[in-house]
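Okay, query01.txt is below, compact mmCIF, C-alpha atoms:
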# COMPACT_ATOMS: atom_id res chain seq x y z
CA MET A 1 -22.77 29.54 -21.77
CA THR A 2 -26.15 29.21 -20.12
CA ALA A 3 -25.72 28.28 -16.48
CA LYS A 4 -27.50 25.09 -15.51
CA PRO A 5 -27.38 23.50 -12.08
CA VAL A 6 -25.54 20.20 -11.84
CA SER A 7 -26.00 17.79 -8.94
CA MET A 8 -22.68 16.45 -7.68
CA PRO A 9 -21.09 15.59 -4.35
CA ALA A 10 -18.32 17.71 -2.91
CA SER A 11 -14.78 17.05 -4.12
CA LEU A 12 -11.33 18.17 -3.02
CA GLU A 13 -7.81 17.76 -4.37
CA THR A 14 -4.66 17.45 -2.35
CA ILE A 15 -1.02 16.44 -2.69
CA ALA A 16 -0.26 12.78 -2.06
CA GLN A 17 2.72 10.43 -2.10
CA THR A 18 2.87 6.90 -3.41
CA GLU A 19 4.23 3.93 -1.50
CA GLY A 20 4.54 0.22 -2.10
CA ALA A 21 1.73 -1.96 -0.83
CA LYS A 22 4.41 -4.03 0.90
CA GLU A 23 7.86 -2.67 1.69
CA ILE A 24 9.87 -5.54 3.15
CA GLU A 25 13.32 -5.52 4.74
CA ILE A 26 15.26 -8.62 3.70
CA ARG A 27 17.31 -9.87 6.63
CA PRO A 28 19.13 -13.22 7.10
CA ARG A 29 17.79 -15.71 9.62
CA VAL A 30 21.24 -17.22 10.16
CA GLY A 31 24.64 -15.56 10.38
CA GLY A 32 27.75 -16.27 8.38
CA ILE A 33 29.85 -15.22 5.40
CA LEU A 34 27.85 -13.85 2.46
CA LEU A 35 29.03 -15.89 -0.52
CA LYS A 36 26.99 -14.56 -3.42
CA ARG A 37 24.24 -12.20 -4.54
CA LEU A 38 21.82 -14.16 -6.73
CA TYR A 39 19.71 -11.36 -8.22
CA THR A 40 20.19 -8.22 -10.31
CA GLU A 41 19.70 -5.08 -8.27
CA GLY A 42 16.62 -3.03 -9.11
CA THR A 43 14.84 -5.80 -11.05
CA ALA A 44 11.57 -7.59 -10.41
CA VAL A 45 11.72 -10.94 -8.63
CA GLN A 46 9.16 -13.63 -7.96
CA ALA A 47 8.14 -15.02 -4.60
CA ARG A 48 10.54 -17.75 -3.38
CA GLN A 49 13.25 -16.60 -5.80
CA SER A 50 16.76 -16.85 -4.31
CA LEU A 51 18.39 -13.51 -3.49
CA PHE A 52 21.53 -14.27 -1.45
CA LEU A 53 23.65 -17.28 -0.54
CA ILE A 54 25.29 -17.54 2.89
CA ASP A 55 28.18 -20.00 3.36
CA PRO A 56 26.28 -23.29 3.93
CA GLU A 57 29.23 -25.50 4.98
CA PRO A 58 29.03 -24.88 8.77
CA PHE A 59 25.31 -25.59 8.70
CA GLN A 60 25.82 -28.69 6.57
CA ASN A 61 28.34 -29.96 9.17
CA ALA A 62 25.88 -29.19 11.97
CA LEU A 63 23.20 -31.18 10.14
CA THR A 64 25.53 -34.15 9.66
CA GLU A 65 26.43 -34.09 13.36
CA ALA A 66 22.74 -33.86 14.37
CA LYS A 67 21.89 -36.87 12.17
CA ALA A 68 24.72 -38.88 13.72
CA LEU A 69 23.48 -38.08 17.23
CA LEU A 70 19.98 -39.06 16.13
CA SER A 71 21.25 -42.44 14.96
CA GLU A 72 23.05 -42.95 18.26
CA GLN A 73 19.99 -42.02 20.28
CA ASN A 74 17.82 -44.27 18.16
CA VAL A 75 20.05 -47.25 19.08
CA ARG A 76 19.86 -46.26 22.77
CA ALA A 77 16.07 -46.16 22.58
CA MET A 78 15.93 -49.57 20.90
CA ARG A 79 18.17 -51.06 23.63
CA ALA A 80 16.03 -49.48 26.36
CA LYS A 81 12.90 -50.89 24.73
CA SER A 82 14.45 -54.36 24.63
CA ASP A 83 15.46 -54.15 28.30
CA GLU A 84 11.95 -53.02 29.27
CA ASN A 85 10.38 -55.97 27.43
CA ARG A 86 12.76 -58.44 29.07
CA GLN A 87 12.14 -57.05 32.56
CA ARG A 88 8.37 -57.20 32.00
CA GLN A 89 8.55 -60.89 31.09
CA LEU A 90 10.78 -61.69 34.09
CA LEU A 91 8.48 -59.78 36.40
CA ALA A 92 5.52 -61.81 35.18
CA GLU A 93 7.42 -65.00 36.15
CA ASN A 94 8.56 -63.50 39.47
CA PHE A 95 12.26 -63.67 38.52
CA VAL A 96 12.88 -59.92 39.14
CA SER A 97 11.51 -57.37 41.56
CA GLN A 98 9.02 -54.67 40.74
CA ARG A 99 11.75 -52.10 41.39
CA ALA A 100 13.97 -53.58 38.67
CA TYR A 101 11.15 -53.36 36.15
CA ASP A 102 10.35 -49.75 37.16
CA LEU A 103 13.99 -48.78 36.57
CA ALA A 104 13.95 -50.36 33.09
CA LYS A 105 10.68 -48.59 32.29
CA ALA A 106 12.13 -45.23 33.42
CA ASP A 107 15.24 -45.77 31.31
CA LEU A 108 13.00 -46.39 28.26
CA ALA A 109 11.05 -43.17 28.87
CA ILE A 110 14.32 -41.20 29.18
CA ALA A 111 15.70 -42.76 25.99
CA GLU A 112 12.51 -42.01 24.02
CA ALA A 113 12.49 -38.38 25.22
CA ALA A 114 16.14 -38.01 24.20
CA LEU A 115 15.25 -39.51 20.80
CA GLN A 116 12.55 -36.87 20.27
CA ALA A 117 15.01 -34.12 21.19
CA ALA A 118 17.52 -35.52 18.69
CA LYS A 119 14.87 -35.48 15.96
CA ILE A 120 14.07 -31.84 16.73
CA ARG A 121 17.76 -30.94 16.54
CA VAL A 122 17.92 -32.52 13.08
CA ARG A 123 14.89 -30.56 11.91
CA GLN A 124 16.38 -27.35 13.26
CA ALA A 125 19.69 -28.07 11.54
CA GLU A 126 17.86 -28.70 8.26
CA LEU A 127 15.95 -25.45 8.72
CA ASN A 128 19.14 -23.47 9.41
CA LEU A 129 20.73 -24.98 6.30
CA SER A 130 17.74 -23.88 4.20
CA TYR A 131 18.06 -20.36 5.63
CA THR A 132 21.51 -20.03 4.06
CA THR A 133 19.63 -19.31 0.80
CA VAL A 134 17.77 -16.04 1.40
CA LYS A 135 14.59 -15.97 -0.70
CA ALA A 136 12.06 -13.31 -1.66
CA PRO A 137 8.87 -13.64 0.42
CA VAL A 138 6.64 -11.94 -2.21
CA ASN A 139 6.74 -10.66 -5.77
CA GLY A 140 8.29 -7.22 -6.00
CA MET A 141 11.08 -4.88 -7.04
CA THR A 142 14.44 -5.35 -5.39
CA GLY A 143 16.59 -2.58 -4.00
CA ARG A 144 20.33 -2.07 -3.79
CA ALA A 145 22.33 -4.79 -2.06
CA LEU A 146 23.74 -3.34 1.17
CA PHE A 147 26.42 -6.00 1.75
CA SER A 148 29.04 -7.26 -0.67
CA GLU A 149 30.31 -10.82 -1.05
CA GLY A 150 32.68 -11.94 1.68
CA THR A 151 31.06 -9.84 4.41
CA LEU A 152 30.22 -11.39 7.75
CA ILE A 153 26.51 -10.84 8.40
CA SER A 154 24.51 -11.36 11.58
CA ALA A 155 21.28 -13.28 11.94
CA ASN A 156 18.09 -11.18 12.06
CA SER A 157 19.96 -7.85 12.25
CA SER A 158 21.93 -7.29 9.02
CA LEU A 159 19.74 -5.56 6.42
CA LEU A 160 20.64 -7.17 3.08
CA THR A 161 18.25 -5.25 0.81
CA THR A 162 14.63 -4.14 0.51
CA LEU A 163 11.76 -5.51 -1.55
CA THR A 164 8.82 -3.39 -2.65
CA GLN A 165 5.54 -4.71 -3.98
CA LEU A 166 4.39 -2.34 -6.76
CA SER A 167 0.99 -3.77 -7.60
CA PRO A 168 -1.19 -2.63 -6.08
CA ILE A 169 0.35 0.77 -5.29
CA TRP A 170 -0.75 2.76 -2.27
CA VAL A 171 -1.25 6.53 -2.21
CA ARG A 172 -1.08 8.32 1.14
CA PHE A 173 -2.65 11.76 1.69
CA SER A 174 -4.48 13.83 4.28
CA PHE A 175 -7.12 16.55 4.63
CA SER A 176 -7.35 19.32 7.21
CA ASP A 177 -10.25 19.25 9.66
CA ASN A 178 -11.89 22.12 7.73
CA GLU A 179 -11.65 20.18 4.48
CA VAL A 180 -13.01 17.07 6.18
CA ALA A 181 -16.00 19.12 7.31
CA ARG A 182 -16.55 20.36 3.74
CA LEU A 183 -16.69 16.75 2.56
CA GLY A 184 -19.35 15.86 5.08
CA GLY A 185 -17.43 14.92 8.21
CA HIS A 186 -15.20 11.99 9.12
CA LEU A 187 -14.06 10.26 5.93
CA ASN A 188 -13.95 6.49 5.41
CA GLU A 189 -14.38 3.92 2.66
CA LYS A 190 -18.17 4.06 3.06
CA ASN A 191 -18.81 7.78 2.46
CA ILE A 192 -16.08 8.40 -0.15
CA HIS A 193 -17.60 7.95 -3.60
CA SER A 194 -14.45 7.99 -5.72
CA VAL A 195 -10.70 8.56 -5.58
CA THR A 196 -8.84 9.75 -8.68
CA MET A 197 -5.07 10.05 -8.99
CA ILE A 198 -3.69 12.95 -11.03
CA LEU A 199 -0.18 12.37 -12.34
CA PRO A 200 2.58 15.04 -12.36
CA ASP A 201 1.90 15.81 -16.05
CA GLY A 202 -1.72 16.67 -15.21
CA SER A 203 -3.29 13.57 -16.72
CA GLU A 204 -5.63 11.34 -14.76
CA TYR A 205 -4.54 7.82 -13.92
CA PRO A 206 -6.88 5.45 -15.79
CA GLN A 207 -7.51 3.16 -12.82
CA ALA A 208 -9.93 4.27 -10.10
CA GLY A 209 -8.73 4.09 -6.52
CA LYS A 210 -10.30 2.64 -3.42
CA ILE A 211 -9.81 3.75 0.18
CA ASN A 212 -8.10 1.03 2.21
CA PHE A 213 -7.26 3.06 5.33
CA ALA A 214 -8.85 6.04 7.06
CA ALA A 215 -7.56 7.33 10.40
CA SER A 216 -10.18 7.19 13.13
CA LYS A 217 -9.29 10.65 14.47
CA ILE A 218 -7.76 14.01 13.56
CA ASP A 219 -4.02 14.22 14.20
CA PRO A 220 -3.73 16.70 17.12
CA LEU A 221 -0.32 17.96 15.94
CA LEU A 222 -1.13 18.52 12.27
CA GLY A 223 -4.90 18.94 12.45
CA THR A 224 -5.40 16.48 9.58
CA GLN A 225 -7.05 13.15 8.91
CA LEU A 226 -4.74 10.63 7.26
CA LEU A 227 -6.13 8.48 4.45
CA ARG A 228 -4.71 5.92 2.04
CA ALA A 229 -6.03 4.64 -1.27
CA THR A 230 -4.97 1.65 -3.33
CA PHE A 231 -4.64 1.59 -7.13
CA GLU A 232 -3.92 -1.26 -9.50
CA ASN A 233 -0.43 -0.89 -10.98
CA SER A 234 0.10 -4.02 -13.05
CA ASP A 235 2.21 -2.18 -15.64
CA GLN A 236 4.35 -0.66 -12.83
CA ARG A 237 3.80 2.80 -14.24
CA ILE A 238 3.69 4.31 -10.76
CA LEU A 239 6.76 4.00 -8.54
CA PRO A 240 6.94 4.39 -4.75
CA GLY A 241 7.91 7.85 -3.53
CA GLN A 242 6.28 9.81 -6.36
CA PHE A 243 4.36 12.98 -5.54
CA VAL A 244 0.94 13.06 -7.20
CA ARG A 245 -2.43 14.66 -6.57
CA VAL A 246 -5.64 12.90 -5.61
CA ARG A 247 -9.20 14.07 -6.09
CA VAL A 248 -11.64 12.73 -3.52
CA THR A 249 -15.40 12.93 -4.06
CA ALA A 250 -17.50 12.46 -0.95
CA GLY A 251 -20.58 13.64 0.92
CA GLU A 252 -24.13 14.19 -0.26
CA SER A 253 -24.91 15.62 -3.69
CA ARG A 254 -25.66 19.35 -4.04
CA ASN A 255 -26.54 21.71 -6.86
CA VAL A 256 -23.56 23.61 -8.27
CA TYR A 257 -22.60 25.21 -11.57
CA VAL A 258 -19.65 24.19 -13.75
CA VAL A 259 -17.96 26.82 -15.95
CA PRO A 260 -14.66 26.84 -17.86
CA GLN A 261 -11.69 28.08 -15.85
CA VAL A 262 -11.13 30.95 -18.32
CA ALA A 263 -14.54 32.39 -17.41
CA VAL A 264 -13.54 32.99 -13.78
CA LEU A 265 -11.57 36.21 -13.22
CA THR A 266 -9.92 37.62 -10.11
CA SER A 267 -9.95 41.16 -8.67
CA ASP A 268 -9.05 42.75 -5.35
CA LEU A 269 -12.53 41.90 -4.11
CA GLY A 270 -12.32 38.25 -5.07
CA ARG A 271 -13.34 36.08 -7.99
CA TYR A 272 -16.10 36.98 -10.42
CA VAL A 273 -17.61 36.15 -13.81
CA TYR A 274 -19.18 38.30 -16.50
CA VAL A 275 -22.92 37.76 -16.90
CA ILE A 276 -25.02 39.16 -19.77
CA ASN A 277 -28.30 40.79 -18.73
CA ALA A 278 -31.56 40.57 -20.62
CA ASP A 279 -30.70 43.86 -22.42
CA ASN A 280 -27.36 42.36 -23.58
CA THR A 281 -25.25 44.46 -21.24
CA VAL A 282 -22.40 42.98 -19.22
CA VAL A 283 -22.23 42.96 -15.41
CA GLN A 284 -19.73 41.55 -12.97
CA ARG A 285 -21.08 38.77 -10.75
CA PRO A 286 -19.07 37.80 -7.64
CA VAL A 287 -18.92 34.03 -7.22
CA SER A 288 -17.80 31.52 -4.63
CA VAL A 289 -15.69 28.82 -6.26
CA GLY A 290 -14.90 25.27 -5.33
CA ASP A 291 -12.38 22.95 -6.93
CA TRP A 292 -11.26 22.36 -10.47
CA ILE A 293 -12.58 19.41 -12.44
CA GLY A 294 -10.40 19.00 -15.49
CA LYS A 295 -10.59 22.36 -17.34
CA ASP A 296 -13.71 23.49 -15.49
CA TRP A 297 -14.33 25.28 -12.23
CA ILE A 298 -17.11 24.48 -9.79
CA ILE A 299 -19.16 27.53 -8.80
CA LEU A 300 -20.69 27.06 -5.38
CA ASP A 301 -22.55 30.36 -5.11
CA GLY A 302 -23.25 33.48 -7.18
CA LEU A 303 -24.96 32.04 -10.26
CA ASN A 304 -28.59 31.27 -10.98
CA ALA A 305 -30.12 28.89 -13.46
CA GLY A 306 -30.40 30.54 -16.85
CA ASP A 307 -27.62 33.09 -16.34
CA ARG A 308 -25.63 33.73 -19.51
CA VAL A 309 -21.94 33.51 -18.56
CA VAL A 310 -19.25 34.99 -20.82
CA ILE A 311 -16.53 32.47 -21.63
CA ASP A 312 -14.59 34.32 -24.35
CA ASN A 313 -13.19 37.81 -25.12
CA MET A 314 -13.34 38.87 -21.46
CA ILE A 315 -10.40 41.22 -21.97
CA LYS A 316 -12.59 43.48 -24.14
CA LEU A 317 -15.38 43.77 -21.58
CA VAL A 318 -16.19 46.33 -18.91
CA PRO A 319 -19.29 46.45 -16.72
CA GLY A 320 -22.23 48.04 -18.52
CA LYS A 321 -20.90 47.46 -22.03
CA ALA A 322 -23.45 46.31 -24.61
CA VAL A 323 -22.57 43.13 -26.48
CA ASN A 324 -23.96 41.04 -29.28
CA PRO A 325 -23.61 37.46 -27.96
CA GLN A 326 -23.10 34.67 -30.44
CA SER A 327 -23.92 31.21 -29.15
CA ARG A 328 -22.53 27.82 -30.03
CA ASP A 329 -23.61 24.59 -28.32
CA THR A 330 -20.86 22.42 -26.86
CA SER A 331 -20.22 20.44 -23.72
CA THR A 332 -18.40 22.01 -20.78
CA SER A 333 -16.97 18.81 -19.40
CA ALA A 334 -17.59 15.17 -18.76
CA HIS A 335 -18.99 16.15 -15.36
CA ALA A 336 -21.78 18.47 -16.51
CA ASP A 337 -24.52 18.58 -19.08
CA ALA A 338 -24.54 22.38 -19.41
CA ALA A 339 -24.26 24.11 -22.83
CA LEU A 340 -21.40 26.39 -23.84
CA LEU A 341 -22.19 29.61 -25.68
CA ASN A 342 -19.09 31.36 -27.04
CA GLN A 343 -19.67 35.05 -26.41

Using structure tokens, write down the structure from this file.
Amino acid sequence: MTAKPVSMPASLETIAQTEGAKEIEIRPRVGGILLKRLYTEGTAVQARQSLFLIDPEPFQNALTEAKALLSEQNVRAMRAKSDENRQRQLLAENFVSQRAYDLAKADLAIAEAALQAAKIRVRQAELNLSYTTVKAPVNGMTGRALFSEGTLISANSSLLTTLTQLSPIWVRFSFSDNEVARLGGHLNEKNIHSVTMILPDGSEYPQAGKINFAASKIDPLLGTQLLRATFENSDQRILPGQFVRVRVTAGESRNVYVVPQVAVLTSDLGRYVYVINADNTVVQRPVSVGDWIGKDWIILDGLNAGDRVVIDNMIKLVPGKAVNPQSRDTSTSAHADAALLNQ
């Protein structure tokens, strides 16, 4: 192939792990006997879908009692209001003292305050009764139920199950401080051009990612900057906890060369390629390599524009050997416009 410079920003690959965009612990807000599990473990549920049922009878009784006390307090307030009206009329006709009217007015204020408290107790009892049905707060995938029917559970502390939101899916990864420097310094959503997820089978995930978190500093213990990207996952192809690879492209564009991976060989002195001179003899050319892009390798240093790089039959070559190169035009990769010449 004839080496041609390609302008592209720096890119790096690293190992990453997926996680749900929301990973929620489902806990009861009231305590009691767990009567029934209302979902199938490991299946998708919708927001507000019922998951568990806690024995509602004690809370129903508490609501009935609170409503009865409200009715009683309502009668007390009505009687206090009637007494206050009567005392006001008598005071206007000078049949009672001011002190008698003030006492009636104070009794009305106390009765009305008690009525408001009774109404709040009814609302709280209704709320507690509704909490006996534990519902999903968001759409997601349910986990294993951690309590069986008939178990006594405690409010706010017993972990019933977990709920994971799978779309979007988050991918968490990090780069060392040296790698961060290679990509142009501190990384964030503004200077990262693209994020690509590479699945365990080597294929690229069709959806492009977007950075949604970048640590503001280098971790002093690990010497890395933590980042997180989000990917659409509507078909739930990606599950939380998977190990994948991500390719991050960032920084300013620079001129590099892209050659097939098979063209780059390794010796005790480092990596090199075979280059054909003007007299059709082969020489070894040491090169500095970057990252892989698909089936190609980025050459950072060691090649010049117009160099003829051998990409086939390298096992038959030795430095200084004369060859008869045969060329065939083809594309090296989707990332470069260079021509391939099978040697």

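With all atoms listed in the file as the basis for measurement, A:Glu126 is the residue among A:Glu13, A:Glu41, A:Glu126, A:Asp268 that approaches Pro58 of chain A most closely.
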
Shell of 6 Å around Lys135 of chain A, all atoms listed in the file, local chain residues under 2 positions omitted, as a list in words: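 Close residues of Lys135 of chain A: Arg48, Gln49, Ser50 and Leu51 of chain A.
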
Of the listed residues A:Val246, A:Ala66, A:Leu129, A:Leu146, that which approaches Ile15 of chain A most closely, counting all atoms listed in the file: A:Val246

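Here atom CA of Leu12 of chain A is placed at a distance of 16.8 Å from atom CA of Lys190 of chain A.
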
Of the listed residues A:Leu317, A:Ala118, A:Ala208, A:Val248, that which approaches Phe231 of chain A most closely, counting all atoms listed in the file: A:Ala208

Close residues, Val283 of chain A itself excluded, 10 Å, all atoms listed in the file, min 2 positions apart in chain, as a list of chain:residue names: A:Tyr272, A:Val273, A:Tyr274, A:Val275, A:Ile276, A:Asn277, A:Asn280, A:Thr281, A:Arg285, A:Pro286, A:Val309, A:Leu317, A:Val318, A:Pro319, A:Gly320, A:Lys321, A:Ala322

Pairwise distance for atom CA of Glu84 of chain A and atom CA of Val122 of chain A, rounded to one decimal in Å: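 Interatomic distance here is 26.8 Å.
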
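When only C-alpha atoms are used to measure the gap to Asp201 of chain A, the shortest distance among A:Val244, A:Asn255, A:Glu72, A:Glu149 belongs to A:Val244.
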
Among the residues A:Leu152, A:Val6, A:Ile238, A:Ala181, the one that comes closest to Ile298 of chain A [using all atoms listed in the file]: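 Nearest to Ile298 of chain A: A:Val6.
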
Pick from A:Gly31, A:Pro220, A:Gly306, A:Gly290, whichever lies nearest to Thr151 of chain A using only C-alpha atoms: A:Gly31

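A straight line drawn from atom CA of Arg27 of chain A to atom CA of Ser234 of chain A is 26.8 Å long.
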
Using only C-alpha atoms, what does the table of segment 15-129 of chain A residues within 8 Å of segment 141-145 of chain A look like, with each row giving the shortest atom pair and its distance in Å to one decimal, sorted by chain and ascending number, as a tab-separated table?
residue	atom	partner	partner_atom	distance
A:Glu41	CA	A:Arg144	CA	5.4
A:Gly42	CA	A:Thr142	CA	4.9
A:Thr43	CA	A:Met141	CA	5.6
A:Ala44	CA	A:Met141	CA	4.4
A:Val45	CA	A:Met141	CA	6.3
